[in-house]
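> Here you go, this is my_file-v3.txt (compact mmCIF, C-alpha atoms).
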```
# COMPACT_ATOMS: atom_id res chain seq x y z
CA MET A 1 117.81 64.45 104.97
CA GLY A 2 115.80 62.64 102.30
CA GLU A 3 117.54 60.93 99.41
CA MET A 4 116.47 63.64 96.94
CA GLU A 5 117.70 66.43 99.21
CA GLN A 6 121.01 64.60 99.54
CA MET A 7 121.36 64.25 95.77
CA LYS A 8 120.46 67.92 95.20
CA LYS A 9 123.12 68.97 97.68
CA GLU A 10 125.73 66.80 95.99
CA ALA A 11 124.76 68.08 92.56
CA GLU A 12 125.11 71.71 93.68
CA ALA A 13 128.55 70.97 95.13
CA LEU A 14 129.68 69.37 91.86
CA LYS A 15 128.33 72.31 89.82
CA THR A 16 130.33 74.68 92.03
CA GLN A 17 133.45 72.55 91.54
CA ILE A 18 133.03 72.52 87.77
CA GLU A 19 132.51 76.31 87.71
CA ALA A 20 135.71 76.74 89.69
CA ALA A 21 137.62 74.42 87.33
CA ARG A 22 136.38 76.46 84.36
CA LYS A 23 137.39 79.73 86.05
CA ALA A 24 140.82 78.29 86.80
CA VAL A 25 141.60 77.84 83.09
CA HIS A 26 140.03 81.14 82.09
CA ASP A 27 143.41 82.88 82.07
CA THR A 28 142.39 85.20 79.23
CA ASP A 29 139.37 85.86 77.05
CA MET A 30 138.67 85.61 73.33
CA ALA A 31 138.73 89.40 72.95
CA SER A 32 142.37 89.41 74.08
CA ALA A 33 143.31 86.30 72.11
CA ALA A 34 141.79 87.86 68.98
CA SER A 35 143.21 91.34 69.56
CA GLY A 36 145.92 90.75 66.96
CA VAL A 37 143.45 89.53 64.36
CA ALA A 38 142.50 92.04 61.66
CA PRO A 39 138.77 92.81 61.70
CA ALA A 40 136.74 90.97 59.07
CA PRO A 41 135.79 93.21 56.16
CA ARG A 42 132.25 94.57 56.04
CA VAL A 43 130.32 91.77 54.31
CA GLN A 44 127.88 92.80 51.60
CA LEU A 45 126.35 89.87 49.84
CA LYS A 46 123.89 90.03 46.96
CA THR A 47 120.91 87.82 46.36
CA ARG A 48 121.92 85.67 43.39
CA ARG A 49 118.92 83.34 43.33
CA ASN A 50 115.39 83.68 44.62
CA LEU A 51 113.98 80.14 44.59
CA LYS A 52 110.22 80.07 44.31
CA GLY A 53 108.31 76.83 44.46
CA HIS A 54 107.11 76.11 47.96
CA LEU A 55 103.54 77.14 48.78
CA ALA A 56 103.91 77.49 52.53
CA LYS A 57 106.48 78.16 55.27
CA ILE A 58 109.91 76.64 54.71
CA TYR A 59 111.23 74.98 57.86
CA ALA A 60 114.54 73.45 56.82
CA MET A 61 117.13 73.16 54.10
CA HIS A 62 120.36 71.17 53.67
CA TRP A 63 123.11 71.27 51.04
CA SER A 64 124.33 68.20 49.20
CA THR A 65 128.07 67.50 49.40
CA ASP A 66 128.26 68.24 45.65
CA ASN A 67 127.88 71.97 46.48
CA ARG A 68 125.15 72.29 43.88
CA LEU A 69 122.01 70.38 44.89
CA MET A 70 120.03 71.19 48.01
CA VAL A 71 116.90 69.88 49.69
CA SER A 72 114.26 72.09 51.32
CA ALA A 73 111.21 71.18 53.41
CA SER A 74 107.97 73.09 53.71
CA GLN A 75 104.70 72.66 55.51
CA ASP A 76 103.12 72.59 52.05
CA GLY A 77 103.92 68.88 52.46
CA LYS A 78 106.84 68.67 50.05
CA LEU A 79 110.58 68.22 49.94
CA LEU A 80 112.04 70.02 46.94
CA ILE A 81 115.44 69.18 45.48
CA TRP A 82 116.95 72.23 43.79
CA ASP A 83 119.83 72.71 41.38
CA SER A 84 121.13 75.92 42.94
CA HIS A 85 123.19 76.84 39.86
CA SER A 86 120.28 76.86 37.42
CA GLY A 87 117.63 77.59 40.04
CA ASN A 88 115.57 74.67 38.70
CA LYS A 89 113.67 72.13 40.75
CA VAL A 90 115.11 68.68 40.13
CA ASN A 91 112.70 66.62 42.23
CA ALA A 92 109.63 66.97 44.40
CA VAL A 93 108.99 64.44 47.16
CA PRO A 94 105.44 64.45 48.54
CA LEU A 95 105.38 63.88 52.30
CA LYS A 96 102.88 61.67 54.13
CA SER A 97 102.83 64.24 56.91
CA SER A 98 103.03 67.92 56.01
CA TRP A 99 104.15 68.94 59.51
CA VAL A 100 107.80 68.73 58.60
CA MET A 101 110.53 70.31 60.75
CA THR A 102 113.76 68.98 59.30
CA CYS A 103 115.35 67.60 56.15
CA ALA A 104 118.76 66.19 55.32
CA TYR A 105 120.85 65.16 52.32
CA ALA A 106 123.05 62.05 52.63
CA PRO A 107 126.74 62.68 51.88
CA SER A 108 126.50 60.21 48.97
CA GLY A 109 123.68 62.19 47.36
CA ASN A 110 121.61 59.01 47.11
CA LEU A 111 119.19 59.61 49.98
CA VAL A 112 117.26 62.41 51.66
CA ALA A 113 115.36 62.36 54.93
CA SER A 114 112.58 64.36 56.53
CA GLY A 115 110.66 64.37 59.79
CA GLY A 116 108.52 66.47 62.09
CA LEU A 117 105.35 66.24 64.13
CA ASP A 118 104.81 62.67 62.92
CA ASN A 119 107.65 61.72 65.33
CA MET A 120 109.29 59.77 62.50
CA CYS A 121 112.31 60.16 60.26
CA THR A 122 111.44 59.04 56.72
CA VAL A 123 114.28 58.21 54.35
CA TYR A 124 113.83 58.42 50.56
CA ASN A 125 115.98 57.04 47.74
CA LEU A 126 116.47 59.68 45.05
CA LYS A 127 118.20 57.33 42.64
CA THR A 128 115.46 54.82 41.90
CA PRO A 129 113.47 55.60 38.69
CA VAL A 130 110.62 56.80 40.92
CA ILE A 131 111.60 58.24 44.32
CA LYS A 132 110.87 55.58 46.93
CA THR A 133 110.50 55.60 50.68
CA VAL A 134 113.36 53.41 51.92
CA LYS A 135 112.60 53.40 55.66
CA GLU A 136 110.37 54.98 58.25
CA LEU A 137 112.38 55.35 61.46
CA ASP A 138 109.69 55.14 64.09
CA ALA A 139 110.59 55.00 67.79
CA HIS A 140 110.80 58.58 69.04
CA THR A 141 107.90 59.59 71.28
CA GLY A 142 108.18 63.25 70.37
CA TYR A 143 108.59 65.37 67.24
CA LEU A 144 111.65 65.06 65.03
CA SER A 145 113.49 68.40 65.13
CA CYS A 146 116.68 67.46 63.27
CA ALA A 147 118.15 64.60 61.24
CA ARG A 148 121.63 64.09 59.77
CA PHE A 149 123.08 61.20 57.73
CA LEU A 150 126.45 59.79 58.78
CA SER A 151 126.37 57.58 55.67
CA ASP A 152 123.83 55.65 53.59
CA THR A 153 123.45 53.26 56.52
CA GLU A 154 123.35 55.48 59.61
CA VAL A 155 121.24 58.49 60.61
CA LEU A 156 121.36 60.69 63.71
CA THR A 157 118.14 62.29 64.94
CA ALA A 158 117.18 64.86 67.60
CA SER A 159 113.68 64.77 69.10
CA GLY A 160 111.15 66.64 71.21
CA ASP A 161 111.13 63.51 73.41
CA THR A 162 114.46 64.89 74.86
CA THR A 163 116.62 62.21 73.26
CA CYS A 164 118.86 61.94 70.23
CA ALA A 165 119.30 58.60 68.48
CA LEU A 166 121.62 56.79 66.09
CA TRP A 167 119.69 54.57 63.65
CA ASP A 168 120.71 51.63 61.49
CA LEU A 169 119.06 52.21 58.12
CA GLU A 170 119.23 48.53 57.20
CA THR A 171 117.19 47.35 60.17
CA GLY A 172 115.29 50.62 60.76
CA LYS A 173 116.09 50.33 64.47
CA GLN A 174 117.79 52.63 66.97
CA LYS A 175 121.36 51.46 67.66
CA THR A 176 122.00 54.02 70.38
CA VAL A 177 119.80 56.40 72.36
CA PHE A 178 121.48 59.53 73.73
CA LEU A 179 119.61 60.46 76.88
CA ASN A 180 120.71 63.31 79.16
CA HIS A 181 118.80 66.45 78.13
CA VAL A 182 115.74 67.34 80.20
CA GLY A 183 114.09 69.46 77.52
CA ASP A 184 113.11 68.96 73.85
CA CYS A 185 116.19 68.47 71.65
CA MET A 186 116.01 71.06 68.88
CA CYS A 187 119.19 70.68 66.82
CA LEU A 188 122.34 68.66 66.29
CA SER A 189 125.66 69.00 64.49
CA LEU A 190 128.18 66.30 63.57
CA SER A 191 131.87 66.82 64.33
CA PRO A 192 134.19 67.07 61.31
CA ASP A 193 135.78 63.73 62.27
CA MET A 194 132.30 62.12 62.65
CA ASN A 195 133.16 60.60 66.04
CA SER A 196 130.98 62.96 68.05
CA PHE A 197 128.08 65.33 67.76
CA VAL A 198 126.61 68.21 69.72
CA SER A 199 122.94 68.80 70.53
CA GLY A 200 121.02 71.88 71.67
CA ALA A 201 117.79 71.68 73.65
CA CYS A 202 114.96 73.56 75.36
CA ASP A 203 116.74 73.01 78.68
CA SER A 204 119.13 75.81 77.47
CA LEU A 205 122.04 73.37 77.38
CA ALA A 206 124.33 72.18 74.62
CA LYS A 207 125.83 68.70 75.04
CA LEU A 208 128.74 66.91 73.37
CA TRP A 209 128.21 63.18 72.75
CA ASP A 210 130.49 60.30 71.74
CA ILE A 211 128.64 58.60 68.87
CA ARG A 212 130.07 55.14 69.51
CA ASP A 213 129.81 54.81 73.29
CA GLY A 214 126.59 56.83 73.59
CA GLN A 215 127.90 58.94 76.47
CA CYS A 216 127.46 62.64 77.08
CA LYS A 217 131.01 63.95 77.52
CA GLN A 218 130.48 67.66 78.15
CA THR A 219 127.65 70.07 78.95
CA PHE A 220 127.71 73.76 78.04
CA LEU A 221 125.79 76.30 80.10
CA GLY A 222 125.09 79.97 79.54
CA HIS A 223 122.01 80.33 77.39
CA THR A 224 118.84 81.37 79.20
CA SER A 225 116.35 79.89 76.77
CA ASP A 226 115.88 77.17 74.12
CA ILE A 227 118.87 76.48 71.88
CA ASN A 228 117.38 76.28 68.36
CA ALA A 229 120.55 76.04 66.29
CA ILE A 230 124.00 74.55 66.72
CA SER A 231 127.06 74.00 64.58
CA PHE A 232 130.55 72.61 64.99
CA TYR A 233 133.29 75.06 64.13
CA PRO A 234 135.13 73.76 61.04
CA GLY A 235 138.35 73.07 63.01
CA GLY A 236 136.36 70.88 65.41
CA ASN A 237 137.47 72.58 68.65
CA ALA A 238 134.54 74.88 69.18
CA ILE A 239 130.79 75.03 68.68
CA ILE A 240 128.42 77.89 67.92
CA THR A 241 124.88 77.94 69.31
CA GLY A 242 121.83 80.13 68.61
CA SER A 243 119.00 80.61 71.08
CA ASP A 244 115.57 82.06 71.82
CA ASP A 245 117.45 84.31 74.28
CA CYS A 246 118.42 86.35 71.16
CA THR A 247 122.13 85.51 71.37
CA CYS A 248 124.57 83.19 69.73
CA LYS A 249 127.52 81.84 71.68
CA MET A 250 130.85 80.20 70.97
CA TYR A 251 131.84 77.40 73.35
CA ASP A 252 135.40 76.12 73.43
CA LEU A 253 135.45 72.31 73.72
CA ARG A 254 138.93 72.02 75.23
CA ALA A 255 138.52 74.81 77.80
CA ASP A 256 134.98 73.50 78.40
CA GLN A 257 133.34 76.94 78.50
CA GLU A 258 131.74 79.85 76.74
CA LEU A 259 134.22 82.16 74.97
CA ILE A 260 132.04 84.80 73.33
CA THR A 261 128.41 85.89 73.16
CA TYR A 262 127.20 87.44 69.92
CA GLN A 263 124.55 89.94 70.91
CA ASP A 264 123.33 93.42 70.26
CA ALA A 265 121.05 95.57 72.42
CA ALA A 266 118.93 96.34 69.37
CA LEU A 267 118.35 92.64 68.68
CA ASN A 268 115.44 91.24 70.60
CA SER A 269 114.38 88.36 68.37
CA GLY A 270 115.23 84.74 68.88
CA VAL A 271 117.84 82.99 66.75
CA THR A 272 116.24 80.28 64.62
CA SER A 273 119.16 78.93 62.59
CA LEU A 274 122.85 79.36 61.92
CA ALA A 275 125.55 78.41 59.45
CA LEU A 276 129.28 79.09 59.32
CA SER A 277 131.40 80.23 56.41
CA MET A 278 134.07 77.74 55.28
CA SER A 279 136.80 79.12 57.57
CA GLY A 280 134.41 79.63 60.49
CA ARG A 281 135.16 83.35 60.49
CA LEU A 282 131.60 84.36 59.60
CA ILE A 283 128.44 83.23 61.37
CA PHE A 284 125.19 83.59 59.42
CA ALA A 285 122.42 83.63 62.01
CA GLY A 286 118.73 83.70 61.08
CA TYR A 287 116.38 85.54 63.43
CA ASP A 288 112.64 85.79 64.05
CA ASP A 289 112.81 89.45 62.91
CA PHE A 290 113.10 88.35 59.24
CA ASN A 291 116.84 89.09 58.99
CA CYS A 292 119.97 87.04 58.85
CA ASN A 293 122.78 88.78 60.74
CA ILE A 294 126.43 88.15 59.91
CA TRP A 295 128.84 87.99 62.86
CA ASP A 296 132.63 88.00 62.96
CA SER A 297 133.10 84.84 65.05
CA LEU A 298 136.49 85.94 66.46
CA LYS A 299 135.75 89.60 67.26
CA GLY A 300 132.11 89.19 68.26
CA GLU A 301 130.98 92.08 66.05
CA LYS A 302 128.14 92.25 63.58
CA VAL A 303 129.66 92.73 60.11
CA GLY A 304 126.66 92.54 57.83
CA VAL A 305 123.03 91.63 57.39
CA LEU A 306 121.06 89.73 54.78
CA SER A 307 117.72 91.47 54.41
CA GLY A 308 115.08 90.56 51.92
CA HIS A 309 112.82 87.94 53.41
CA ASP A 310 109.26 88.96 54.31
CA ASN A 311 108.99 86.62 57.24
CA ARG A 312 111.09 84.72 59.77
CA VAL A 313 114.37 83.22 58.48
CA SER A 314 113.91 79.60 59.54
CA CYS A 315 117.00 77.95 58.07
CA THR A 316 120.46 78.81 56.75
CA GLY A 317 123.14 76.70 55.10
CA VAL A 318 126.57 77.09 53.57
CA PRO A 319 127.71 74.39 51.11
CA PRO A 320 130.98 72.54 51.89
CA ASP A 321 132.97 74.63 49.37
CA GLY A 322 131.78 77.81 51.09
CA MET A 323 130.79 79.51 47.82
CA CYS A 324 127.51 81.01 49.04
CA VAL A 325 124.97 81.05 51.83
CA CYS A 326 121.36 79.95 51.46
CA THR A 327 118.53 81.32 53.62
CA GLY A 328 115.05 79.80 53.81
CA SER A 329 112.04 81.56 55.23
CA TRP A 330 108.45 81.34 56.38
CA ASP A 331 107.81 83.60 53.37
CA SER A 332 108.17 80.36 51.30
CA PHE A 333 111.30 81.47 49.43
CA LEU A 334 114.91 80.36 49.50
CA LYS A 335 117.57 82.91 48.66
CA ILE A 336 121.17 82.28 47.66
CA TRP A 337 123.71 84.99 48.47
CA ASN A 338 127.35 85.65 47.76
CA MET B 1 112.91 59.88 77.51
CA ALA B 2 113.22 62.44 80.27
CA ARG B 3 109.45 62.94 80.13
CA ASP B 4 108.71 59.43 81.44
CA MET B 5 111.24 59.71 84.23
CA SER B 6 110.38 60.48 87.83
CA ASP B 7 111.93 63.56 89.45
CA ASN B 8 114.10 61.19 91.44
CA ASP B 9 115.41 59.44 88.30
CA ILE B 10 116.07 62.76 86.58
CA LEU B 11 118.03 63.99 89.57
CA LYS B 12 120.01 60.73 89.61
CA MET B 13 120.79 61.10 85.91
CA GLU B 14 121.94 64.71 86.39
CA LEU B 15 124.06 63.76 89.39
CA GLU B 16 125.76 60.89 87.55
CA GLN B 17 126.55 63.20 84.65
CA LEU B 18 128.04 65.84 86.96
CA GLN B 19 130.16 63.15 88.65
CA LYS B 20 131.58 62.25 85.23
CA GLU B 21 132.08 65.82 84.00
CA VAL B 22 133.83 67.05 87.14
CA LYS B 23 136.72 64.76 86.10
CA ASN B 24 137.15 66.33 82.63
CA THR B 25 140.49 67.97 81.91
CA ARG B 26 140.26 71.58 80.81
CA GLU B 27 142.93 73.40 78.86
CA PRO B 28 143.78 77.07 79.39
CA VAL B 29 141.85 79.56 77.25
CA SER B 30 145.11 81.33 76.42
CA LYS B 31 146.14 78.23 74.48
CA THR B 32 142.80 77.11 73.03
CA ALA B 33 141.52 80.54 71.94
CA LYS B 34 144.85 81.33 70.28
CA GLU B 35 144.70 78.07 68.33
CA ILE B 36 141.15 78.76 67.20
CA CYS B 37 142.20 82.20 65.93
CA GLU B 38 145.24 80.77 64.15
CA TRP B 39 143.21 78.04 62.44
CA VAL B 40 140.54 80.46 61.25
CA GLU B 41 143.03 83.05 60.04
CA ALA B 42 144.88 80.40 58.03
CA GLN B 43 141.62 79.33 56.35
CA ALA B 44 140.07 82.78 55.96
CA ALA B 45 142.36 83.70 53.07
CA GLU B 46 140.59 81.10 50.96
CA ASP B 47 137.07 81.67 52.34
CA PRO B 48 134.96 82.70 49.32
CA LEU B 49 132.48 84.67 51.42
CA ILE B 50 135.29 86.80 52.87
CA LYS B 51 137.58 87.30 49.91
CA GLY B 52 134.71 87.56 47.46
CA VAL B 53 133.91 85.47 44.41
CA PRO B 54 135.08 86.88 41.05
CA GLU B 55 132.15 87.33 38.63
CA ASP B 56 133.61 84.99 36.03
CA LYS B 57 134.07 82.20 38.58
CA ASN B 58 130.74 82.66 40.32
CA PRO B 59 128.37 79.75 39.57
CA PHE B 60 125.58 81.84 41.07
CA LYS B 61 126.11 85.01 39.06
CA GLU B 62 122.87 86.48 37.85
CA LYS B 63 121.85 84.93 34.59
CA GLY B 64 121.70 87.33 31.65
CA GLY B 65 118.39 89.02 31.05
CA CYS B 66 116.50 89.03 27.78
CA ILE B 67 116.02 92.24 25.91
CA ILE B 68 113.04 92.46 23.60
CA THR B 69 113.52 95.08 20.94
```
Could you show the structure in this file as structure tokens?

Amino acid sequence: MGEMEQMKKEAEALKTQIEAARKAVHDTDMASAASGVAPAPRVQLKTRRNLKGHLAKIYAMHWSTDNRLMVSASQDGKLLIWDSHSGNKVNAVPLKSSWVMTCAYAPSGNLVASGGLDNMCTVYNLKTPVIKTVKELDAHTGYLSCARFLSDTEVLTASGDTTCALWDLETGKQKTVFLNHVGDCMCLSLSPDMNSFVSGACDSLAKLWDIRDGQCKQTFLGHTSDINAISFYPGGNAIITGSDDCTCKMYDLRADQELITYQDAALNSGVTSLALSMSGRLIFAGYDDFNCNIWDSLKGEKVGVLSGHDNRVSCTGVPPDGMCVCTGSWDSFLKIWN
Amino acid sequence: MARDMSDNDILKMELEQLQKEVKNTREPVSKTAKEICEWVEAQAAEDPLIKGVPEDKNPFKEKGGCIIT
């Protein structure tokens, strides 16, 4: 038997062993565990702000930790910083490359980042008298799908080159490369304790990584197409994913397996984005069919819908204080709901 | 990057990862799911999008309109 055949055989045996280990701890399901939980009330949110300003499809948005400012990115070649309370635009950052796919706000509020088909993550300082480019993080060999600041000195990125990377903003170099996916990485989410993160990719897998040792600790199977959106559950023990297979899933990190699938026979559009309410009880999932569906994360039932966009909902975000949810769309508008 | 890797190297990488993951400890769902529910239920009471935001405390309430007489 050739070396490759041998390795394939061993891999299949290990996969079978892992499946058996997962089954062995599957002594109940989430439906039973949540049977005593009162159903979430029907959620009816109103549009409180309709933010107009972008001239083309919006691809990403991210809340500042101050619960008031947010950054959005559009293929009109601009990042816009909004004051969500007044609805005013506070800043506009022109992008060198208009093919933007992601944007991020640093926890300090001092910096924002963007990236996309230019394969780079560009970091801007919002606090200098004129907004300046601080660094261009250039080493990925594929598009930048997601970026998140750990601090003013470290950024995590996910790329179409199948890797994620941790960057040092002082040197502009990659400190750690997270390599294990075999498809484009599409999204990432930092754990509440900032020691790990999860990534979703076009190989239909979600992976949990240790930020400091660079190792992939766990792999979550179940989706049958690209994972476009991912988020840590606020308690840190579970993750929620959204996929082109039209479903969202909850994976339990300690049981190492899928607990619920959020799906509906009538829904046959891919999930583009997701955000969780402050307690984690509600999942706001944006779909290609122009809607944002609201799921009860414990019961697996749809409890509401945010309708109003005239095109795909490409991004969703809930600020840290949980006071509202923002949806961004290819229709060029951002809406704030509560 | 997985793109530059040969099929052989990719298989090796997948195999090494499986060898690591097979050793992971896994806790029973009866315990972990229950704890997730308990955590969420404890927080949900204060979750503004579940309990609702009173008009007077809502920073996003619709701004007053202008009436031209």
> Could you list, as a PyMOL selection string, the residues of chain B having an atom within 8 Å of chain A when counting all atoms listed in the file?
chain B and resi 1-3+8+10-15+17-22+25-30+32-34+36-37+39-41+43-44+46-50+52-53+59-62
> May I ask for the distance between atom CA of Met5 of chain B and atom CA of Lys23 of chain B, given in Å to one decimal place?
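Value for the atom CA of Met5 of chain B-atom CA of Lys23 of chain B distance: 26.0 Å.
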> Atom CA of Gly109 of chain A to atom CA of Glu55 of chain B: how many Å, to one decimal?
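We find that atom CA of Gly109 of chain A and atom CA of Glu55 of chain B lie 27.9 Å from each other.
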> Do you have the atom CA of Cys146 of chain A-atom CA of Ser189 of chain A distance handy?
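Computing it gives 9.2 Å between the two atoms.
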> Please identify all polymer residues lying at most 10 Å from the point (131.2, 89.0, 69.9) (file coordinates), using all atoms listed in the file, and present the result as a PyMOL selection string.
chain A and resi 30-31+247-250+259-264+295-302
> Counting only C-alpha atoms, what is within 7 Å of Ala106 of chain A, bar same-chain residues fewer than 6 positions away, as a list of chain:residue names?
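Returned residues: A:Val112, A:Phe149, A:Ser151, A:Asp152.
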> Ranking A:Asp118, A:Asp138, A:Asp203, A:Asp83 by minimum distance to Leu95 of chain A and counting only C-alpha atoms, which one comes first?
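For Leu95 of chain A, the nearest of the candidates is A:Asp118.
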> My structure is short of atoms at segment 104-112 of chain A; please model all heavy atoms there, returning them as a PDB file, keeping the file's coordinate frame.

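Writing the result to part.pdb gives the following:
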```pdb
ATOM      1  N   ALA A 104     117.330  66.422  55.394  1.00  0.00           N
ATOM      2  CA  ALA A 104     118.760  66.190  55.320  1.00  0.00           C
ATOM      3  C   ALA A 104     119.120  65.501  54.024  1.00  0.00           C
ATOM      4  O   ALA A 104     118.325  64.721  53.488  1.00  0.00           O
ATOM      5  CB  ALA A 104     119.208  65.321  56.503  1.00  0.00           C
ATOM      6  N   TYR A 105     120.326  65.774  53.533  1.00  0.00           N
ATOM      7  CA  TYR A 105     120.850  65.160  52.320  1.00  0.00           C
ATOM      8  C   TYR A 105     121.971  64.209  52.770  1.00  0.00           C
ATOM      9  O   TYR A 105     122.842  64.609  53.533  1.00  0.00           O
ATOM     10  CB  TYR A 105     121.469  66.231  51.422  1.00  0.00           C
ATOM     11  CG  TYR A 105     121.107  66.128  49.970  1.00  0.00           C
ATOM     12  CD1 TYR A 105     120.441  67.170  49.322  1.00  0.00           C
ATOM     13  CD2 TYR A 105     121.428  65.000  49.214  1.00  0.00           C
ATOM     14  CE1 TYR A 105     120.118  67.089  47.971  1.00  0.00           C
ATOM     15  CE2 TYR A 105     121.100  64.908  47.871  1.00  0.00           C
ATOM     16  CZ  TYR A 105     120.446  65.960  47.254  1.00  0.00           C
ATOM     17  OH  TYR A 105     120.115  65.883  45.913  1.00  0.00           O
ATOM     18  N   ALA A 106     121.964  62.973  52.282  1.00  0.00           N
ATOM     19  CA  ALA A 106     123.050  62.050  52.630  1.00  0.00           C
ATOM     20  C   ALA A 106     124.321  62.485  51.913  1.00  0.00           C
ATOM     21  O   ALA A 106     124.250  63.001  50.791  1.00  0.00           O
ATOM     22  CB  ALA A 106     122.675  60.630  52.209  1.00  0.00           C
ATOM     23  N   PRO A 107     125.492  62.269  52.532  1.00  0.00           N
ATOM     24  CA  PRO A 107     126.740  62.680  51.880  1.00  0.00           C
ATOM     25  C   PRO A 107     126.923  62.064  50.496  1.00  0.00           C
ATOM     26  O   PRO A 107     127.509  62.688  49.614  1.00  0.00           O
ATOM     27  CB  PRO A 107     127.826  62.142  52.834  1.00  0.00           C
ATOM     28  CG  PRO A 107     127.155  62.001  54.152  1.00  0.00           C
ATOM     29  CD  PRO A 107     125.714  61.717  53.878  1.00  0.00           C
ATOM     30  N   SER A 108     126.373  60.874  50.272  1.00  0.00           N
ATOM     31  CA  SER A 108     126.500  60.210  48.970  1.00  0.00           C
ATOM     32  C   SER A 108     125.641  60.876  47.902  1.00  0.00           C
ATOM     33  O   SER A 108     125.859  60.686  46.714  1.00  0.00           O
ATOM     34  CB  SER A 108     126.044  58.754  49.080  1.00  0.00           C
ATOM     35  OG  SER A 108     124.648  58.735  49.397  1.00  0.00           O
ATOM     36  N   GLY A 109     124.616  61.630  48.327  1.00  0.00           N
ATOM     37  CA  GLY A 109     123.680  62.190  47.360  1.00  0.00           C
ATOM     38  C   GLY A 109     122.568  61.237  46.981  1.00  0.00           C
ATOM     39  O   GLY A 109     121.652  61.593  46.232  1.00  0.00           O
ATOM     40  N   ASN A 110     122.606  60.007  47.491  1.00  0.00           N
ATOM     41  CA  ASN A 110     121.610  59.010  47.110  1.00  0.00           C
ATOM     42  C   ASN A 110     120.286  59.129  47.860  1.00  0.00           C
ATOM     43  O   ASN A 110     119.235  58.727  47.359  1.00  0.00           O
ATOM     44  CB  ASN A 110     122.135  57.589  47.383  1.00  0.00           C
ATOM     45  CG  ASN A 110     123.327  57.248  46.520  1.00  0.00           C
ATOM     46  OD1 ASN A 110     123.450  57.732  45.400  1.00  0.00           O
ATOM     47  ND2 ASN A 110     124.213  56.411  47.048  1.00  0.00           N
ATOM     48  N   LEU A 111     120.363  59.622  49.103  1.00  0.00           N
ATOM     49  CA  LEU A 111     119.190  59.610  49.980  1.00  0.00           C
ATOM     50  C   LEU A 111     118.913  60.989  50.544  1.00  0.00           C
ATOM     51  O   LEU A 111     119.825  61.806  50.683  1.00  0.00           O
ATOM     52  CB  LEU A 111     119.440  58.672  51.176  1.00  0.00           C
ATOM     53  CG  LEU A 111     119.913  57.257  50.896  1.00  0.00           C
ATOM     54  CD1 LEU A 111     120.323  56.574  52.205  1.00  0.00           C
ATOM     55  CD2 LEU A 111     118.825  56.448  50.206  1.00  0.00           C
ATOM     56  N   VAL A 112     117.638  61.242  50.860  1.00  0.00           N
ATOM     57  CA  VAL A 112     117.260  62.410  51.660  1.00  0.00           C
ATOM     58  C   VAL A 112     116.333  61.921  52.768  1.00  0.00           C
ATOM     59  O   VAL A 112     115.761  60.835  52.664  1.00  0.00           O
ATOM     60  CB  VAL A 112     116.568  63.538  50.847  1.00  0.00           C
ATOM     61  CG1 VAL A 112     117.540  64.263  49.951  1.00  0.00           C
ATOM     62  CG2 VAL A 112     115.367  63.027  50.102  1.00  0.00           C
TER      63      VAL A 112
END
```
